[in-house]
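input16.tsv follows (TSV, C-alpha atoms and all ligand atoms):
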chain	number	residue	atom	x	y	z
A	43	MET	CA	0.00	0.00	0.00
A	44	ILE	CA	2.81	2.36	0.89
A	45	MET	CA	4.55	1.66	-2.43
A	46	ALA	CA	1.31	2.20	-4.29
A	47	PHE	CA	0.79	5.49	-2.47
A	48	HIS	CA	4.26	6.66	-3.43
A	49	VAL	CA	3.76	5.81	-7.07
A	50	THR	CA	0.39	7.55	-7.18
A	51	HIS	CA	1.74	10.54	-5.27
A	52	GLN	CA	4.66	10.83	-7.65
A	53	LEU	CA	2.36	10.67	-10.63
A	54	ILE	CA	0.18	13.42	-9.19
A	55	VAL	CA	3.22	15.63	-8.48
A	56	THR	CA	4.56	15.05	-11.99
A	57	THR	CA	1.19	15.84	-13.51
A	58	ILE	CA	0.81	19.00	-11.43
A	59	LEU	CA	4.32	20.14	-12.32
A	60	ALA	CA	3.76	19.45	-16.01
A	61	GLY	CA	0.44	21.29	-15.81
A	62	THR	CA	2.07	24.24	-14.06
A	63	PHE	CA	4.87	24.39	-16.65
A	64	ALA	CA	2.30	24.23	-19.42
A	65	ALA	CA	0.16	26.92	-17.75
A	66	LEU	CA	3.18	29.19	-17.40
A	67	GLY	CA	4.29	28.42	-20.93
A	68	LEU	CA	7.63	27.22	-19.57
A	69	ASN	CA	9.50	24.55	-21.38
A	70	THR	CA	10.68	21.65	-19.31
A	71	LEU	CA	14.38	20.89	-18.94
A	72	ALA	CA	14.02	18.38	-21.77
A	73	SER	CA	13.43	21.21	-24.27
A	74	PRO	CA	15.47	24.31	-23.44
A	75	MET	CA	14.40	27.67	-24.82
A	76	LYS	CA	16.42	28.96	-27.72
A	77	ALA	CA	16.73	32.49	-29.11
A	78	LEU	CA	18.36	33.66	-32.34
A	79	ILE	CA	19.42	37.23	-33.13
A	80	ILE	CA	19.72	38.00	-36.86
A	81	ASP	CA	21.55	41.08	-38.16
A	82	GLY	CA	24.19	42.28	-40.63
A	83	GLN	CA	22.63	45.11	-42.66
A	84	ASN	CA	21.34	48.15	-40.86
A	85	ASN	CA	21.55	51.91	-41.51
A	86	HIS	CA	22.18	52.17	-37.74
A	87	LYS	CA	25.92	51.67	-37.61
A	88	ASN	CA	25.74	50.72	-33.93
A	89	TRP	CA	23.96	47.43	-34.81
A	90	PRO	CA	26.89	45.22	-33.68
A	91	GLN	CA	26.69	46.88	-30.26
A	92	THR	CA	22.90	46.66	-29.96
A	93	THR	CA	23.09	42.96	-30.88
A	94	GLN	CA	25.69	42.52	-28.14
A	95	MET	CA	23.54	44.48	-25.68
A	96	MET	CA	20.39	42.47	-26.43
A	97	LYS	CA	22.34	39.23	-26.16
A	98	HIS	CA	23.69	40.36	-22.78
A	99	ARG	CA	20.20	41.25	-21.48
A	100	LEU	CA	18.92	37.83	-22.59
A	101	VAL	CA	21.83	36.05	-20.87
A	102	GLU	CA	21.22	38.03	-17.65
A	103	SER	CA	17.50	37.19	-17.73
A	104	LYS	CA	18.19	33.42	-17.86
A	105	LEU	CA	14.99	33.10	-19.94
A	106	PHE	CA	16.80	31.26	-22.72
A	107	ASP	CA	19.33	28.45	-22.57
A	108	VAL	CA	20.73	29.13	-26.02
A	109	ILE	CA	21.22	32.57	-27.58
A	110	ASP	CA	22.74	32.42	-31.06
A	111	ASN	CA	23.57	35.13	-33.57
A	112	VAL	CA	23.62	34.75	-37.36
A	113	THR	CA	24.99	37.71	-39.33
A	114	HIS	CA	24.23	38.45	-42.99
A	115	ALA	CA	27.02	39.74	-45.27
A	116	ALA	CA	27.54	43.49	-44.88
A	117	GLN	CA	26.66	44.27	-48.49
A	118	GLY	CA	24.49	42.85	-51.23
A	119	GLU	CA	22.69	39.54	-51.40
A	120	ASP	CA	24.09	36.74	-49.22
A	121	LEU	CA	23.03	33.31	-50.43
A	122	SER	CA	24.81	31.68	-47.47
A	123	PHE	CA	22.43	33.49	-45.05
A	124	GLN	CA	20.21	30.50	-44.27
A	125	PRO	CA	19.57	30.42	-40.50
A	126	SER	CA	17.83	27.29	-39.21
A	127	PHE	CA	14.89	29.30	-37.89
A	128	ASP	CA	12.98	26.16	-36.90
A	129	ASN	CA	15.62	25.36	-34.26
A	130	TYR	CA	14.56	28.39	-32.20
A	131	ASP	CA	11.63	29.54	-30.06
A	132	VAL	CA	12.14	33.18	-30.97
A	133	VAL	CA	13.99	35.12	-33.67
A	134	ILE	CA	15.05	38.70	-32.88
A	135	ASN	CA	15.35	40.86	-35.97
A	136	ASN	CA	18.06	43.56	-35.75
A	137	PHE	CA	18.15	44.41	-39.46
A	138	GLY	CA	17.43	47.98	-40.67
A	139	HIS	CA	16.73	50.36	-43.53
A	140	ARG	CA	17.83	49.26	-47.05
A	141	ALA	CA	18.68	45.69	-46.01
A	142	SER	CA	19.19	43.54	-49.13
A	143	PRO	CA	16.37	41.10	-49.85
A	144	TRP	CA	16.99	37.57	-48.60
A	145	SER	CA	17.07	34.59	-50.94
A	146	THR	CA	13.74	33.03	-51.91
A	147	GLN	CA	14.61	29.93	-49.89
A	148	THR	CA	15.46	31.92	-46.72
A	149	LYS	CA	12.29	34.01	-47.04
A	150	LYS	CA	10.24	30.83	-47.44
A	151	SER	CA	11.75	29.15	-44.37
A	152	PHE	CA	11.28	32.35	-42.30
A	153	GLU	CA	7.63	32.64	-43.37
A	154	SER	CA	6.91	29.02	-42.51
A	155	PHE	CA	8.75	29.36	-39.14
A	156	VAL	CA	6.47	32.21	-38.03
A	157	LYS	CA	3.31	30.82	-39.65
A	158	GLU	CA	3.77	27.50	-37.87
A	159	GLY	CA	4.07	29.12	-34.43
A	160	GLY	CA	7.57	30.59	-34.15
A	161	GLY	CA	8.12	33.82	-32.21
A	162	LEU	CA	9.45	36.98	-33.84
A	163	VAL	CA	10.69	40.20	-32.20
A	164	VAL	CA	11.15	43.30	-34.37
A	165	ILE	CA	13.45	46.05	-33.12
A	166	HIS	CA	13.31	49.70	-34.27
A	167	ALA	CA	14.66	49.96	-37.85
A	168	ALA	CA	13.85	46.31	-38.59
A	169	ASP	CA	10.42	47.75	-39.43
A	170	ASN	CA	12.13	49.68	-42.27
A	171	SER	CA	13.40	46.49	-43.91
A	172	PHE	CA	11.97	44.59	-46.88
A	173	PRO	CA	9.17	46.99	-48.00
A	174	ASP	CA	8.35	44.77	-50.99
A	175	TRP	CA	8.03	41.48	-49.04
A	176	ASP	CA	4.29	41.06	-48.51
A	177	ALA	CA	4.48	38.37	-45.81
A	178	TYR	CA	7.06	40.40	-43.87
A	179	ASN	CA	4.80	43.46	-43.90
A	180	ARG	CA	1.99	41.30	-42.53
A	181	MET	CA	4.25	39.96	-39.77
A	182	ILE	CA	5.40	43.39	-38.57
A	183	GLY	CA	1.91	44.94	-38.86
A	184	LEU	CA	3.24	48.43	-39.55
A	185	GLY	CA	6.46	49.65	-41.15
A	186	GLY	CA	8.16	52.79	-42.41
A	187	TRP	CA	10.35	54.17	-45.20
A	188	GLY	CA	11.55	52.23	-48.26
A	189	GLY	CA	8.74	53.78	-50.33
A	190	ARG	CA	6.00	52.65	-47.96
A	191	SER	CA	2.76	54.59	-48.48
A	192	GLU	CA	-1.02	54.20	-48.29
A	193	LYS	CA	-0.54	51.34	-50.78
A	194	ASN	CA	0.95	49.29	-47.92
A	195	GLY	CA	-2.03	49.93	-45.66
A	196	PRO	CA	-3.42	52.47	-43.21
A	197	TYR	CA	-1.49	54.85	-40.96
A	198	VAL	CA	-2.50	53.61	-37.49
A	199	TYR	CA	-2.56	55.90	-34.44
A	200	PHE	CA	-4.65	56.81	-31.40
A	201	ASN	CA	-6.50	60.13	-31.30
A	202	ASP	CA	-6.79	62.34	-28.19
A	203	THR	CA	-9.94	60.55	-27.05
A	204	GLY	CA	-8.21	57.17	-27.12
A	205	GLU	CA	-9.75	55.79	-30.32
A	206	LEU	CA	-7.59	53.71	-32.63
A	207	ILE	CA	-7.66	55.36	-36.06
A	208	ARG	CA	-6.85	53.60	-39.34
A	209	ASP	CA	-6.16	56.45	-41.71
A	210	THR	CA	-6.22	55.30	-45.33
A	211	SER	CA	-5.65	58.74	-46.84
A	212	PRO	CA	-2.58	59.08	-49.13
A	213	GLY	CA	0.81	59.79	-47.58
A	214	PRO	CA	4.26	58.41	-46.94
A	215	GLY	CA	4.91	55.77	-44.26
A	216	GLY	CA	7.58	56.45	-41.66
A	217	ALA	CA	9.05	59.65	-40.22
A	218	HIS	CA	10.47	61.00	-36.97
A	219	GLY	CA	11.39	64.32	-35.41
A	220	PRO	CA	14.53	65.16	-33.42
A	221	GLN	CA	15.44	62.62	-30.74
A	222	SER	CA	14.09	63.26	-27.26
A	223	ALA	CA	12.87	61.51	-24.15
A	224	PHE	CA	9.14	60.72	-24.38
A	225	ARG	CA	6.38	59.17	-22.33
A	226	ILE	CA	5.07	55.69	-23.05
A	227	ASN	CA	1.32	55.44	-22.51
A	228	ILE	CA	0.13	51.88	-21.83
A	229	ARG	CA	-3.11	51.26	-23.74
A	230	GLU	CA	-3.55	47.57	-22.90
A	231	SER	CA	-2.53	46.92	-19.29
A	232	ARG	CA	-3.84	43.32	-19.12
A	233	HIS	CA	-1.50	41.95	-21.76
A	234	PRO	CA	1.33	39.74	-20.38
A	235	ILE	CA	3.97	42.15	-21.77
A	236	THR	CA	2.55	45.26	-20.07
A	237	ARG	CA	0.94	43.76	-16.96
A	238	GLY	CA	2.20	45.49	-13.79
A	239	MET	CA	3.90	48.38	-15.61
A	240	PRO	CA	3.09	51.97	-14.58
A	241	PRO	CA	0.38	53.32	-16.93
A	242	MET	CA	2.82	56.05	-18.05
A	243	TRP	CA	6.61	55.90	-18.05
A	244	LEU	CA	9.36	58.10	-19.38
A	245	HIS	CA	11.55	56.53	-22.07
A	246	ILE	CA	15.15	57.70	-22.52
A	247	LYS	CA	16.07	59.82	-25.55
A	248	ASP	CA	15.07	57.95	-28.71
A	249	GLU	CA	13.61	58.48	-32.17
A	250	LEU	CA	9.84	58.59	-31.91
A	251	TYR	CA	8.73	56.83	-35.10
A	252	ASP	CA	5.50	58.20	-36.55
A	253	SER	CA	3.20	57.65	-39.54
A	254	LEU	CA	3.97	53.92	-39.75
A	255	ARG	CA	1.82	52.11	-42.31
A	256	GLY	CA	1.08	48.50	-43.07
A	257	PRO	CA	-1.54	45.77	-43.33
A	258	ALA	CA	-2.12	46.04	-39.53
A	259	GLU	CA	-3.95	42.68	-39.49
A	260	ASN	CA	-4.52	40.75	-36.25
A	261	MET	CA	-2.65	43.55	-34.49
A	262	ASN	CA	-2.92	44.77	-30.91
A	263	VAL	CA	-1.41	48.15	-29.95
A	264	LEU	CA	-0.20	47.82	-26.34
A	265	ALA	CA	1.31	51.30	-25.93
A	266	THR	CA	1.65	54.66	-27.66
A	267	ALA	CA	3.72	57.85	-27.42
A	268	TYR	CA	2.55	61.35	-28.30
A	269	SER	CA	4.34	62.86	-31.28
A	270	THR	CA	4.52	66.65	-31.31
A	271	ARG	CA	5.31	66.32	-35.04
A	272	THR	CA	2.07	64.56	-36.04
A	273	GLN	CA	0.08	65.52	-32.92
A	274	HIS	CA	-1.06	61.91	-32.77
A	275	HIS	CA	-0.39	59.09	-30.33
A	276	GLU	CA	1.93	56.75	-32.25
A	277	PRO	CA	2.11	52.96	-31.66
A	278	MET	CA	5.15	51.99	-29.54
A	279	MET	CA	4.50	48.33	-28.69
A	280	LEU	CA	2.67	46.06	-31.12
A	281	CYS	CA	1.63	42.43	-30.98
A	282	ILE	CA	0.71	40.69	-34.20
A	283	GLN	CA	-0.63	37.19	-34.77
A	284	TYR	CA	0.74	35.76	-38.03
A	285	GLY	CA	-0.66	32.27	-38.62
A	286	LYS	CA	0.14	30.42	-35.39
A	287	GLY	CA	3.12	32.71	-34.70
A	288	ARG	CA	3.38	35.61	-32.27
A	289	VAL	CA	5.20	38.82	-33.21
A	290	PHE	CA	6.29	41.56	-30.81
A	291	HIS	CA	7.30	44.80	-32.55
A	292	THR	CA	8.83	47.81	-30.81
A	293	PRO	CA	9.73	50.95	-32.80
A	294	MET	CA	11.93	51.98	-29.84
A	295	GLY	CA	15.69	51.31	-29.64
A	296	HIS	CA	17.51	53.74	-32.00
A	297	SER	CA	20.78	54.21	-30.10
A	298	ASN	CA	22.79	52.31	-27.50
A	299	GLU	CA	21.58	54.91	-25.00
A	300	SER	CA	17.92	54.27	-25.97
A	301	GLN	CA	18.47	50.54	-25.38
A	302	GLU	CA	19.93	51.20	-21.92
A	303	CYS	CA	16.46	52.35	-20.78
A	304	VAL	CA	15.08	49.92	-18.20
A	305	GLY	CA	11.69	50.32	-19.90
A	306	PHE	CA	13.19	49.20	-23.21
A	307	ILE	CA	15.08	46.30	-21.57
A	308	THR	CA	11.96	45.08	-19.75
A	309	THR	CA	9.66	45.30	-22.78
A	310	PHE	CA	12.33	43.63	-24.92
A	311	LEU	CA	12.74	40.68	-22.53
A	312	ARG	CA	9.01	40.34	-21.98
A	313	GLY	CA	8.40	40.62	-25.72
A	314	CYS	CA	10.92	37.84	-26.39
A	315	GLU	CA	9.39	35.59	-23.74
A	316	TRP	CA	5.83	36.25	-24.92
A	317	ALA	CA	6.72	35.70	-28.60
A	318	ALA	CA	8.40	32.40	-27.65
A	319	THR	CA	5.76	31.04	-25.26
A	320	GLY	CA	2.64	33.23	-25.17
A	321	HIS	CA	3.31	33.94	-21.48
A	322	VAL	CA	5.52	36.23	-19.41
A	323	THR	CA	7.32	35.41	-16.15
A	324	GLU	CA	9.80	38.33	-16.32
A	325	GLU	CA	8.83	40.84	-13.61
A	326	THR	CA	8.67	44.62	-13.72
A	327	PRO	CA	11.97	45.54	-12.02
A	328	LYS	CA	12.30	47.92	-9.08
A	329	ASP	CA	14.37	50.38	-11.16
A	330	PHE	CA	11.61	50.72	-13.80
A	331	PRO	CA	11.09	54.32	-15.02
A	332	THR	CA	8.22	56.41	-13.68
A	333	ALA	CA	6.02	58.98	-15.44
A	334	ASP	CA	8.57	61.70	-14.66
A	335	ALA	CA	11.94	59.96	-14.31
A	336	THR	CA	13.91	57.90	-16.80
A	337	SER	CA	15.93	54.89	-15.62
A	338	SER	CA	19.05	53.55	-17.27
A	339	ARG	CA	21.23	50.46	-16.92
A	340	PRO	CA	24.49	51.41	-18.61
A	341	PHE	CA	25.79	48.47	-20.59
A	342	ARG	CA	29.44	49.18	-19.78
A	343	LEU	CA	28.74	48.93	-16.02
A	344	ALA	CA	26.73	45.73	-16.41
A	345	ASN	CA	29.48	44.13	-18.49
A	346	PRO	CA	32.84	45.80	-17.72
B	1	ZN	ZN	16.85	55.08	-35.71
I'd like the structure from this file rewritten - as structure tokens, please.
Ligand SMILES: [Zn+2]
Amino acid sequence: MIMAFHVTHQLIVTTILAGTFAALGLNTLASPMKALIIDGQNNHKNWPQTTQMMKHRLVESKLFDVIDNVTHAAQGEDLSFQPSFDNYDVVINNFGHRASPWSTQTKKSFESFVKEGGGLVVIHAADNSFPDWDAYNRMIGLGGWGGRSEKNGPYVYFNDTGELIRDTSPGPGGAHGPQSAFRINIRESRHPITRGMPPMWLHIKDELYDSLRGPAENMNVLATAYSTRTQHHEPMMLCIQYGKGRVFHTPMGHSNESQECVGFITTFLRGCEWAATGHVTEETPKDFPTADATSSRPFRLANP
């Protein structure tokens, strides 16, 4: 009887643990979480540093067991750029404006990775890339530059009364004013990525992207920032469902300094975790910015 009790007890514990892991979206030890950062062509010349910074934040978070980096050739088409996307839970895109189109085969494997349930995280100028790639525009929801216009889809923003506007009138997609600190206004506080964050927080000096346009399908705007240039509240955190895949897109993160913001770091880590699993365990840290004070974690100090 005692033996039988032990066996049953063990089974119950195992089942509860498995259920808890499943509920939290955590992988068991048998399948470690894997992240891949892709980069190589970006009009932001600091991309090697931002890749290093993001990798460091991911290592510190202990959310992922494996964090790899695959870099595209610096110029032109690179037929050897064929990352094994399917080996990862999340792909972090650190490409930028005027990135050369990928090979047909690489585009196909990337599309099927996301469509079949892979996670994708889009950082700042990665929403400038590949204006003519239809599936990519659907994944990122909204994009800018590269000839984007009303032909790519509506300009999406919030008006002063908090309504989401899809403006289909003609105009270019993508612009920004001079860099400055700006407030992030959380519009969806029950989403795993934003849950527990202050409703308003001050982001460190960055480019405030405005007038982004795109298909904006299956898209949820989690946060906005007020642009004095457009006098509209511009999307700053986006979640897009593409097939079975989850995409987190942040237009923030222009400079190394912008990426030292604790608000950026937290949304980046939470975005990666959510894109990979659909859940978030990463907490809002004690040094999170407030409505009136920015908060920075200098990279040099964290990694001397
Ligand atoms: Zn920029």
Give me, as a PDB file with C-alpha atoms, in the frame of the given file, the set of residues whose atoms come within 9 Å of any atom of ligand ZN 1 (chain B), counting only C-alpha atoms and all ligand atoms.
ATOM      1  CA  ASN A  85      21.550  51.910 -41.510  1.00  0.00           C
ATOM      2  CA  HIS A  86      22.180  52.170 -37.740  1.00  0.00           C
ATOM      3  CA  GLY A 138      17.430  47.980 -40.670  1.00  0.00           C
ATOM      4  CA  HIS A 166      13.310  49.700 -34.270  1.00  0.00           C
ATOM      5  CA  ALA A 167      14.660  49.960 -37.850  1.00  0.00           C
ATOM      6  CA  HIS A 218      10.470  61.000 -36.970  1.00  0.00           C
ATOM      7  CA  ASP A 248      15.070  57.950 -28.710  1.00  0.00           C
ATOM      8  CA  GLU A 249      13.610  58.480 -32.170  1.00  0.00           C
ATOM      9  CA  LEU A 250       9.840  58.590 -31.910  1.00  0.00           C
ATOM     10  CA  TYR A 251       8.730  56.830 -35.100  1.00  0.00           C
ATOM     11  CA  PRO A 293       9.730  50.950 -32.800  1.00  0.00           C
ATOM     12  CA  MET A 294      11.930  51.980 -29.840  1.00  0.00           C
ATOM     13  CA  GLY A 295      15.690  51.310 -29.640  1.00  0.00           C
ATOM     14  CA  HIS A 296      17.510  53.740 -32.000  1.00  0.00           C
ATOM     15  CA  SER A 297      20.780  54.210 -30.100  1.00  0.00           C
TER      16      SER A 297
END
| Expressed in Å to a single decimal, how great is the separation between atom CA of A:His275 and atom CA of A:Asp202? |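 If I compute the distance from atom CA of A:His275 to atom CA of A:Asp202, I get 7.5 Å.
Using only C-alpha atoms, the shortest contact distance between A:Glu158 and any of A:Ser300, A:Thr92, A:Gly213, A:Asp128 is found at A:Asp128.
Taking only C-alpha atoms into account, those protein, DNA and RNA residues with any atom at most 9 Å away from (0.3, 50.6, -16.4) amount to Asn227, Ile228, Arg229, Glu230, Ser231, Arg232, Thr236, Arg237, Gly238, Met239, Pro240, Pro241, Met242 and Trp243 of chain A.
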| message | Need the shell around A:Lys76: protein/DNA/RNA residues with any atom at most 8 Å away, counting all atoms listed in the file. Skip same-chain ones fewer than 6 positions apart. Format as a PyMOL selection string? | response | chain A and resi 106-110+129-132
| query | To one decimal place, how far is atom CA of A:Ala141 from atom CA of A:Asn88 in Å? | reply |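 The value is 14.9 Å.
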| said: Residues near A:Ser126, anyone? I mean within 10 Å using only C-alpha atoms, not counting same-chain ones fewer than 4 positions away, as a PyMOL selection string. | reply: chain A and resi 78+112+130+148+151-152+155
